[in-house]
file target.tsv (TSV, C-alpha atoms)
chain	number	residue	atom	x	y	z
U	1	MET	CA	13.54	-15.51	37.61
U	2	VAL	CA	12.86	-14.42	34.04
U	3	TYR	CA	10.55	-16.05	31.53
U	4	ILE	CA	11.48	-15.82	27.87
U	5	THR	CA	9.13	-16.86	25.07
U	6	ARG	CA	9.90	-17.79	21.50
U	7	ILE	CA	7.04	-17.80	18.98
U	8	GLU	CA	7.07	-20.15	16.00
U	9	HIS	CA	4.29	-21.00	13.59
U	10	PHE	CA	3.09	-23.78	11.33
U	11	ASN	CA	0.19	-24.35	8.97
U	12	ALA	CA	-1.46	-27.74	8.99
U	13	ALA	CA	-4.55	-29.78	8.19
U	14	HIS	CA	-6.41	-31.92	10.71
U	15	LYS	CA	-9.82	-33.24	11.69
U	16	LEU	CA	-11.45	-34.12	14.95
U	17	PHE	CA	-12.63	-37.67	14.68
U	18	ASN	CA	-12.99	-40.55	17.11
U	19	PRO	CA	-12.56	-43.80	15.15
U	20	ASN	CA	-14.51	-45.70	17.82
U	21	TRP	CA	-17.65	-43.69	17.05
U	22	SER	CA	-19.99	-43.69	14.07
U	23	ARG	CA	-19.82	-40.86	11.58
U	24	GLU	CA	-23.12	-39.51	12.96
U	25	LYS	CA	-21.79	-39.45	16.51
U	26	ASN	CA	-18.58	-37.74	15.34
U	27	GLU	CA	-20.58	-35.09	13.53
U	28	GLU	CA	-22.79	-34.60	16.55
U	29	VAL	CA	-19.83	-34.07	18.88
U	30	PHE	CA	-17.25	-32.39	16.64
U	31	GLY	CA	-19.54	-30.62	14.14
U	32	LYS	CA	-17.80	-29.25	11.09
U	33	CYS	CA	-14.40	-30.08	12.62
U	34	ALA	CA	-15.18	-33.73	11.83
U	35	ASN	CA	-15.19	-33.08	8.04
U	36	GLU	CA	-13.65	-36.30	6.73
U	37	ASN	CA	-11.75	-34.36	4.06
U	38	TRP	CA	-9.92	-32.27	6.68
U	39	HIS	CA	-9.73	-28.56	7.33
U	40	GLY	CA	-6.78	-26.51	8.51
U	41	HIS	CA	-5.30	-23.70	10.54
U	42	ASN	CA	-2.38	-21.35	10.96
U	43	PHE	CA	-1.08	-22.49	14.33
U	44	GLU	CA	1.13	-20.35	16.55
U	45	LEU	CA	3.31	-21.95	19.19
U	46	PHE	CA	4.63	-19.95	22.16
U	47	VAL	CA	7.45	-21.71	23.99
U	48	THR	CA	8.40	-20.23	27.37
U	49	VAL	CA	11.55	-21.19	29.28
U	50	ARG	CA	12.53	-19.75	32.62
U	51	GLY	CA	15.73	-19.11	34.51
U	52	ILE	CA	18.16	-16.60	35.95
U	53	PRO	CA	19.91	-14.56	33.25
U	54	ASP	CA	23.46	-15.76	32.75
U	55	PRO	CA	25.92	-13.17	34.13
U	56	ASP	CA	28.12	-13.35	31.01
U	57	THR	CA	25.47	-13.25	28.28
U	58	GLY	CA	22.44	-11.77	30.02
U	59	PHE	CA	20.46	-14.64	28.51
U	60	VAL	CA	18.10	-17.08	30.25
U	61	TYR	CA	18.71	-19.14	27.12
U	62	ASP	CA	19.80	-18.08	23.65
U	63	ALA	CA	16.48	-17.43	21.86
U	64	LYS	CA	18.06	-18.24	18.52
U	65	LYS	CA	19.09	-21.68	19.77
U	66	LEU	CA	15.63	-22.20	21.26
U	67	SER	CA	14.12	-21.29	17.90
U	68	GLN	CA	16.36	-23.80	16.13
U	69	ILE	CA	15.42	-26.61	18.53
U	70	ILE	CA	11.70	-25.86	18.10
U	71	LYS	CA	12.05	-25.77	14.32
U	72	THR	CA	14.10	-28.97	14.07
U	73	HIS	CA	12.05	-31.10	16.45
U	74	ILE	CA	8.56	-29.61	16.29
U	75	THR	CA	7.58	-27.24	13.51
U	76	GLU	CA	9.39	-29.08	10.70
U	77	LYS	CA	7.34	-32.14	11.66
U	78	LEU	CA	4.09	-30.16	11.68
U	79	ASP	CA	4.36	-27.44	9.06
U	80	HIS	CA	2.29	-28.05	5.90
U	81	LYS	CA	1.43	-31.51	7.21
U	82	ASN	CA	-1.69	-33.46	7.98
U	83	LEU	CA	-1.59	-33.74	11.78
U	84	ASN	CA	-3.72	-36.90	11.88
U	85	LEU	CA	-1.73	-38.78	9.25
U	86	GLU	CA	1.86	-37.56	9.25
U	87	VAL	CA	3.05	-36.72	12.77
U	88	ASP	CA	4.77	-39.52	14.66
U	89	PHE	CA	4.05	-38.16	18.14
U	90	MET	CA	0.31	-37.74	17.37
U	91	LYS	CA	-0.17	-41.25	16.01
U	92	ASP	CA	-3.33	-42.90	17.40
U	93	LYS	CA	-4.24	-39.77	19.38
U	94	LEU	CA	-7.29	-37.59	18.95
U	95	CYS	CA	-6.01	-34.55	17.13
U	96	SER	CA	-7.46	-31.83	19.37
U	97	ILE	CA	-5.38	-28.77	20.15
U	98	GLU	CA	-5.28	-29.98	23.78
U	99	ASN	CA	-3.66	-33.29	22.81
U	100	LEU	CA	-1.39	-31.53	20.35
U	101	VAL	CA	0.06	-29.19	22.97
U	102	VAL	CA	0.77	-32.12	25.30
U	103	GLY	CA	2.37	-34.03	22.43
U	104	ILE	CA	4.56	-31.02	21.59
U	105	TRP	CA	5.60	-30.66	25.24
U	106	ASN	CA	6.64	-34.33	25.53
U	107	GLU	CA	8.60	-34.12	22.30
U	108	LEU	CA	10.25	-30.76	22.94
U	109	ILE	CA	11.34	-31.41	26.52
U	110	ARG	CA	13.50	-34.34	25.36
U	111	HIS	CA	15.51	-32.04	23.12
U	112	LEU	CA	16.19	-29.12	25.43
U	113	PRO	CA	19.73	-28.96	26.84
U	114	GLU	CA	20.24	-29.78	30.50
U	115	GLY	CA	19.53	-26.76	32.68
U	116	VAL	CA	16.99	-25.22	30.31
U	117	VAL	CA	13.66	-25.27	32.14
U	118	LEU	CA	10.55	-25.47	30.00
U	119	HIS	CA	7.91	-23.39	31.78
U	120	GLY	CA	4.92	-23.50	29.51
U	121	LEU	CA	3.51	-23.79	26.03
U	122	LYS	CA	0.73	-21.78	24.44
U	123	LEU	CA	-0.75	-22.99	21.18
U	124	THR	CA	-3.19	-20.90	19.18
U	125	GLU	CA	-5.43	-22.61	16.65
U	126	THR	CA	-7.33	-19.52	15.53
U	127	PRO	CA	-7.18	-15.88	16.66
U	128	THR	CA	-9.91	-16.75	19.18
U	129	ILE	CA	-8.89	-20.21	20.46
U	130	TYR	CA	-5.73	-21.20	22.29
U	131	VAL	CA	-4.56	-23.68	24.90
U	132	GLU	CA	-1.81	-23.55	27.51
U	133	TYR	CA	0.11	-26.41	29.07
U	134	PHE	CA	2.57	-26.35	31.94
U	135	GLY	CA	3.51	-30.00	32.08
U	136	ASP	CA	1.27	-30.91	34.98
P	1	MET	CA	-17.27	16.08	-4.98
P	2	THR	CA	-18.47	12.49	-4.73
P	3	GLN	CA	-17.55	11.97	-1.06
P	4	LYS	CA	-16.75	8.34	-1.72
P	5	VAL	CA	-16.09	6.32	1.43
P	6	ALA	CA	-14.57	2.83	1.75
P	7	VAL	CA	-16.19	0.47	4.25
P	8	PHE	CA	-14.65	-2.85	5.26
P	9	ARG	CA	-16.00	-6.07	6.72
P	10	ARG	CA	-13.66	-8.70	8.13
P	11	GLU	CA	-14.65	-12.39	8.25
P	12	HIS	CA	-12.64	-15.60	8.50
P	13	PHE	CA	-12.75	-19.25	7.58
P	14	ASN	CA	-10.50	-22.24	8.24
P	15	ALA	CA	-9.82	-24.67	5.43
P	16	ALA	CA	-7.50	-27.34	4.11
P	17	HIS	CA	-5.98	-27.26	0.64
P	18	ARG	CA	-3.03	-28.27	-1.50
P	19	LEU	CA	-1.45	-26.72	-4.56
P	20	ASN	CA	-1.18	-29.19	-7.41
P	21	ASN	CA	-1.27	-29.00	-11.19
P	22	PRO	CA	-2.68	-32.28	-12.54
P	23	ASP	CA	-1.04	-31.60	-15.93
P	24	TRP	CA	2.41	-31.82	-14.35
P	25	ASP	CA	4.22	-34.88	-13.01
P	26	GLU	CA	4.82	-35.38	-9.30
P	27	ALA	CA	8.40	-34.12	-9.41
P	28	THR	CA	7.44	-30.88	-11.16
P	29	ASN	CA	4.60	-30.25	-8.71
P	30	GLU	CA	6.96	-30.77	-5.81
P	31	ARG	CA	9.60	-28.52	-7.32
P	32	VAL	CA	7.16	-25.69	-8.04
P	33	PHE	CA	4.83	-25.88	-5.04
P	34	GLY	CA	7.21	-27.33	-2.43
P	35	LYS	CA	5.57	-28.31	0.83
P	36	CYS	CA	2.27	-26.76	-0.33
P	37	ASN	CA	1.99	-29.79	-2.65
P	38	ASN	CA	1.70	-32.28	0.25
P	39	PRO	CA	-0.81	-34.92	-1.00
P	40	ASN	CA	-2.26	-35.17	2.52
P	41	TYR	CA	-3.12	-31.44	2.49
P	42	HIS	CA	-2.32	-28.65	4.93
P	43	GLY	CA	-4.48	-25.74	6.04
P	44	HIS	CA	-4.89	-22.13	7.00
P	45	ASN	CA	-6.95	-19.64	8.93
P	46	TYR	CA	-8.03	-17.44	6.08
P	47	GLU	CA	-8.82	-13.86	7.00
P	48	LEU	CA	-11.05	-12.11	4.51
P	49	VAL	CA	-11.41	-8.33	4.27
P	50	VAL	CA	-14.14	-7.13	1.93
P	51	LYS	CA	-13.88	-3.49	0.86
P	52	VAL	CA	-16.92	-1.68	-0.53
P	53	VAL	CA	-16.60	1.86	-1.89
P	54	GLY	CA	-19.43	4.28	-2.58
P	55	THR	CA	-21.11	7.51	-1.59
P	56	PRO	CA	-23.03	7.37	1.71
P	57	ASP	CA	-26.76	7.20	1.15
P	58	ALA	CA	-28.54	10.46	2.04
P	59	GLY	CA	-31.23	8.66	4.01
P	60	THR	CA	-29.16	6.19	6.06
P	61	GLY	CA	-25.65	7.62	5.98
P	62	TYR	CA	-24.50	4.15	4.90
P	63	VAL	CA	-22.36	3.16	1.93
P	64	MET	CA	-23.86	-0.26	2.55
P	65	ASP	CA	-25.59	-1.81	5.55
P	66	MET	CA	-22.76	-3.78	7.22
P	67	LYS	CA	-25.18	-6.39	8.55
P	68	VAL	CA	-26.38	-7.05	5.01
P	69	LEU	CA	-22.76	-7.21	3.80
P	70	SER	CA	-21.88	-9.64	6.60
P	71	ASP	CA	-24.87	-11.85	5.77
P	72	ILE	CA	-23.89	-11.94	2.07
P	73	ILE	CA	-20.28	-12.86	2.92
P	74	ASN	CA	-21.42	-15.57	5.32
P	75	THR	CA	-23.87	-17.09	2.88
P	76	GLU	CA	-21.69	-16.88	-0.23
P	77	VAL	CA	-18.21	-17.46	1.19
P	78	ILE	CA	-18.01	-18.66	4.79
P	79	GLU	CA	-20.67	-21.37	4.59
P	80	ARG	CA	-19.12	-22.53	1.32
P	81	PHE	CA	-15.48	-22.72	2.45
P	82	ASP	CA	-15.31	-22.88	6.28
P	83	HIS	CA	-13.94	-26.16	7.64
P	84	LYS	CA	-13.80	-27.53	4.11
P	85	ASN	CA	-11.14	-29.07	1.96
P	86	LEU	CA	-11.03	-26.53	-0.85
P	87	ASN	CA	-9.79	-29.09	-3.39
P	88	LEU	CA	-12.21	-31.87	-2.49
P	89	ASP	CA	-15.30	-30.23	-1.04
P	90	THR	CA	-15.92	-27.20	-3.25
P	91	ALA	CA	-17.11	-26.98	-6.85
P	92	GLU	CA	-15.13	-23.76	-7.34
P	93	PHE	CA	-11.76	-25.47	-6.87
P	94	SER	CA	-12.47	-28.92	-8.27
P	95	THR	CA	-10.34	-27.98	-11.28
P	96	LEU	CA	-8.89	-24.61	-10.24
P	97	ASN	CA	-5.75	-24.47	-8.10
P	98	PRO	CA	-6.76	-22.96	-4.71
P	99	SER	CA	-3.91	-20.47	-4.48
P	100	ALA	CA	-4.65	-17.33	-2.46
P	101	GLU	CA	-4.83	-15.43	-5.75
P	102	ASN	CA	-7.47	-17.75	-7.21
P	103	ILE	CA	-9.44	-17.85	-3.95
P	104	ALA	CA	-9.60	-14.03	-3.94
P	105	ILE	CA	-10.86	-13.98	-7.55
P	106	VAL	CA	-13.49	-16.62	-6.78
P	107	ILE	CA	-14.66	-14.72	-3.70
P	108	TYR	CA	-14.87	-11.48	-5.70
P	109	ASN	CA	-17.02	-13.18	-8.33
P	110	LEU	CA	-19.27	-14.77	-5.69
P	111	LEU	CA	-19.88	-11.40	-4.04
P	112	ARG	CA	-19.91	-9.09	-7.04
P	113	ASN	CA	-23.40	-9.87	-8.28
P	114	LYS	CA	-24.84	-9.77	-4.73
P	115	ILE	CA	-23.68	-6.21	-4.12
P	116	ASP	CA	-25.10	-3.07	-5.80
P	117	ALA	CA	-23.24	-2.53	-9.07
P	118	ALA	CA	-22.88	1.18	-8.21
P	119	LEU	CA	-20.51	0.18	-5.40
P	120	ASP	CA	-16.87	-0.76	-6.00
P	121	LEU	CA	-15.66	-3.99	-4.48
P	122	GLN	CA	-12.22	-5.23	-3.55
P	123	ILE	CA	-11.14	-8.41	-1.79
P	124	ARG	CA	-8.15	-8.76	0.51
P	125	LEU	CA	-7.42	-12.31	1.59
P	126	TYR	CA	-4.85	-13.29	4.21
P	127	GLU	CA	-3.64	-16.86	3.88
P	128	THR	CA	-1.28	-16.36	6.82
P	129	PRO	CA	-0.63	-13.22	8.86
P	130	ARG	CA	2.25	-12.52	6.47
P	131	ASN	CA	0.89	-13.59	3.06
P	132	PHE	CA	-2.07	-11.78	1.61
P	133	VAL	CA	-3.49	-10.89	-1.79
P	134	GLU	CA	-5.85	-8.28	-3.18
P	135	TYR	CA	-8.26	-8.49	-6.09
P	136	PRO	CA	-8.81	-6.45	-8.15
P	137	ALA	CA	-5.28	-5.12	-7.76
P	138	SER	CA	-5.13	-1.49	-6.76
P	139	LEU	CA	-2.28	0.26	-8.49
call {"tool": "encode", "arguments": {"input": "target.tsv", "output": "structure tokens"}}
result
Amino acid sequence: MVYITRIEHFNAAHKLFNPNWSREKNEEVFGKCANENWHGHNFELFVTVRGIPDPDTGFVYDAKKLSQIIKTHITEKLDHKNLNLEVDFMKDKLCSIENLVVGIWNELIRHLPEGVVLHGLKLTETPTIYVEYFGD
Amino acid sequence: MTQKVAVFRREHFNAAHRLNNPDWDEATNERVFGKCNNPNYHGHNYELVVKVVGTPDAGTGYVMDMKVLSDIINTEVIERFDHKNLNLDTAEFSTLNPSAENIAIVIYNLLRNKIDAALDLQIRLYETPRNFVEYPASL
């Protein structure tokens, strides 16, 4: 079993804000991340698929094709966007990096060809913060 | 021999912005700035490298105390821009387009009068890991 990872990136604005709470409560919980005028990050997305290398190509899955699927269905929807306002699969969700990685997983897995096994996602928000999700 | 040494301090801030020229119509802004013109903003992890050049002090061995430099950068730059919308939340970019070039010039000007005039100063600002600018330009 081999795990192959493709890295893509996107730059986006967001804020952490719970609409059911007062502004004071949001500021208390989310601090400067609750800035109503947004802030932003350079996000990096690591997509790992696993499998046995194909005897003819040596590939678990063609990394170029994986890149294209990620770009078409994920990063083009996220890059230079406002994650709270403009992303269909994040609508009505709290825009934390945890929820974002789950949203990306649910979106991406629908677009992978049969037989391509998504193993895990890693999403970095800053050089010092990242999340991982394995679909469970 | 002056024995000039360059010292560097790295700091970072995360901010939202958009590139837009209010003197142009929507179509021109979109054509020139592309997706950076998104009216709902986008954002970056800005990585700031501040370079200070001078001769090490005979008493301390320092070009400049790095803790002092860090405090100046935090007070003048990080607290001003971190987790802000550069277009909406900062006086510096209320009328100035917050391109990486302009941000570097603004940061230079914010720091220049807080740092000993005998020391040279240069700003390197990464907007993404692949796009970065320097001011003043070193040729």
call {"tool": "atom_distance", "arguments": {"input": "target.tsv", "atom1": "atom CA of Ala117 of chain P", "atom2": "atom CA of Glu134 of chain P"}}
result
19.2 Å
call {"tool": "closest_atom_pairs", "arguments": {"input": "target.tsv", "of": "segment 75-133 of chain U", "to": "segment 8-23 of chain U", "cutoff": "7 Å", "atoms": "only C-alpha atoms", "output": "JSON lines"}}
result
{"residue": "U:Thr75", "atom": "CA", "partner": "U:Phe10", "partner_atom": "CA", "distance": 6.1}
{"residue": "U:Leu78", "atom": "CA", "partner": "U:Phe10", "partner_atom": "CA", "distance": 6.5}
{"residue": "U:Asp79", "atom": "CA", "partner": "U:Phe10", "partner_atom": "CA", "distance": 4.5}
{"residue": "U:His80", "atom": "CA", "partner": "U:Ala12", "partner_atom": "CA", "distance": 4.9}
{"residue": "U:Lys81", "atom": "CA", "partner": "U:Ala12", "partner_atom": "CA", "distance": 5.1}
{"residue": "U:Asn82", "atom": "CA", "partner": "U:Ala13", "partner_atom": "CA", "distance": 4.7}
{"residue": "U:Leu83", "atom": "CA", "partner": "U:His14", "partner_atom": "CA", "distance": 5.3}
{"residue": "U:Asn84", "atom": "CA", "partner": "U:His14", "partner_atom": "CA", "distance": 5.8}
{"residue": "U:Leu94", "atom": "CA", "partner": "U:Asn18", "partner_atom": "CA", "distance": 6.7}
{"residue": "U:Cys95", "atom": "CA", "partner": "U:Leu16", "partner_atom": "CA", "distance": 5.9}
{"residue": "U:Ser96", "atom": "CA", "partner": "U:Leu16", "partner_atom": "CA", "distance": 6.4}
call {"tool": "write_last_selection", "arguments": {"input": "target.tsv", "atoms": "C-alpha atoms", "output": "short mmCIF file (atom, residue, chain, number, x, y, z; two decimals), in the frame of the given file"}}
result
data_model
loop_
_atom_site.label_atom_id
_atom_site.label_comp_id
_atom_site.auth_asym_id
_atom_site.auth_seq_id
_atom_site.Cartn_x
_atom_site.Cartn_y
_atom_site.Cartn_z
CA THR U 75 7.58 -27.24 13.51
CA LEU U 78 4.09 -30.16 11.68
CA ASP U 79 4.36 -27.44 9.06
CA HIS U 80 2.29 -28.05 5.90
CA LYS U 81 1.43 -31.51 7.21
CA ASN U 82 -1.69 -33.46 7.98
CA LEU U 83 -1.59 -33.74 11.78
CA ASN U 84 -3.72 -36.90 11.88
CA LEU U 94 -7.29 -37.59 18.95
CA CYS U 95 -6.01 -34.55 17.13
CA SER U 96 -7.46 -31.83 19.37
#
call {"tool": "interface_residues", "arguments": {"input": "target.tsv", "of": "chain P", "to": "chain U", "cutoff": "6 Å", "atoms": "only C-alpha atoms", "output": "number ranges by chain"}}
result
P: 14-16, 40, 42-45, 83-85
call {"tool": "atom_distance", "arguments": {"input": "target.tsv", "atom1": "atom CA of Val5 of chain P", "atom2": "atom CA of Val77 of chain P"}}
result
23.9 Å
call {"tool": "closest_residue", "arguments": {"input": "target.tsv", "among": "P:Val106, P:Leu19, P:Ala6, P:Leu119", "to": "Asn87 of chain P", "atoms": "all atoms listed in the file"}}
result
P:Leu19
call {"tool": "residues_around", "arguments": {"input": "target.tsv", "residues": "Val52 of chain P", "least_positions_apart": "6", "cutoff": "7 Å", "atoms": "all atoms listed in the file", "output": "JSON, numbers by chain"}}
result
{"P": [6, 7, 8, 119, 120, 121, 122]}
call {"tool": "atom_distance", "arguments": {"input": "target.tsv", "atom1": "atom CA of Ile4 of chain U", "atom2": "atom CA of Gly58 of chain U"}}
result
11.9 Å
call {"tool": "closest_residue", "arguments": {"input": "target.tsv", "among": "U:Glu107, U:Glu132, U:Glu98, U:Asp56", "to": "Ile70 of chain U", "atoms": "all atoms listed in the file"}}
result
U:Glu107
call {"tool": "axis_aligned_box", "arguments": {"input": "target.tsv", "around": "segment 102-115 of chain P", "padding_each_side": "6 Å", "output": "lines of an AutoDock Vina configuration file"}}
result
center_x = -16.2
center_y = -12.0
center_z = -6.0
size_x = 29.4
size_y = 23.6
size_z = 16.6
call {"tool": "residues_around", "arguments": {"input": "target.tsv", "residues": "Val47 of chain U", "least_positions_apart": "3", "cutoff": "12 Å", "atoms": "only C-alpha atoms", "output": "number ranges by chain"}}
result
U: 3-9, 44, 50, 61, 63, 66-67, 69-71, 74-75, 101, 104-105, 108-109, 112, 116-124, 132-134
call {"tool": "closest_residue", "arguments": {"input": "target.tsv", "among": "P:Arg130, P:His17, P:Lys114, P:Arg31", "to": "Phe81 of chain P", "atoms": "only C-alpha atoms"}}
result
P:His17
call {"tool": "residues_around", "arguments": {"input": "target.tsv", "residues": "segment 67-72 of chain P", "least_positions_apart": "3", "cutoff": "7 Å", "atoms": "all atoms listed in the file", "output": "PyMOL selection string"}}
result
chain P and resi 9+75-76
call {"tool": "residues_around", "arguments": {"input": "target.tsv", "residues": "Phe33 of chain P", "least_positions_apart": "3", "cutoff": "9 Å", "atoms": "all atoms listed in the file", "output": "JSON, numbers by chain"}}
result
{"P": [18, 19, 20, 28, 29, 30, 36, 37, 38]}
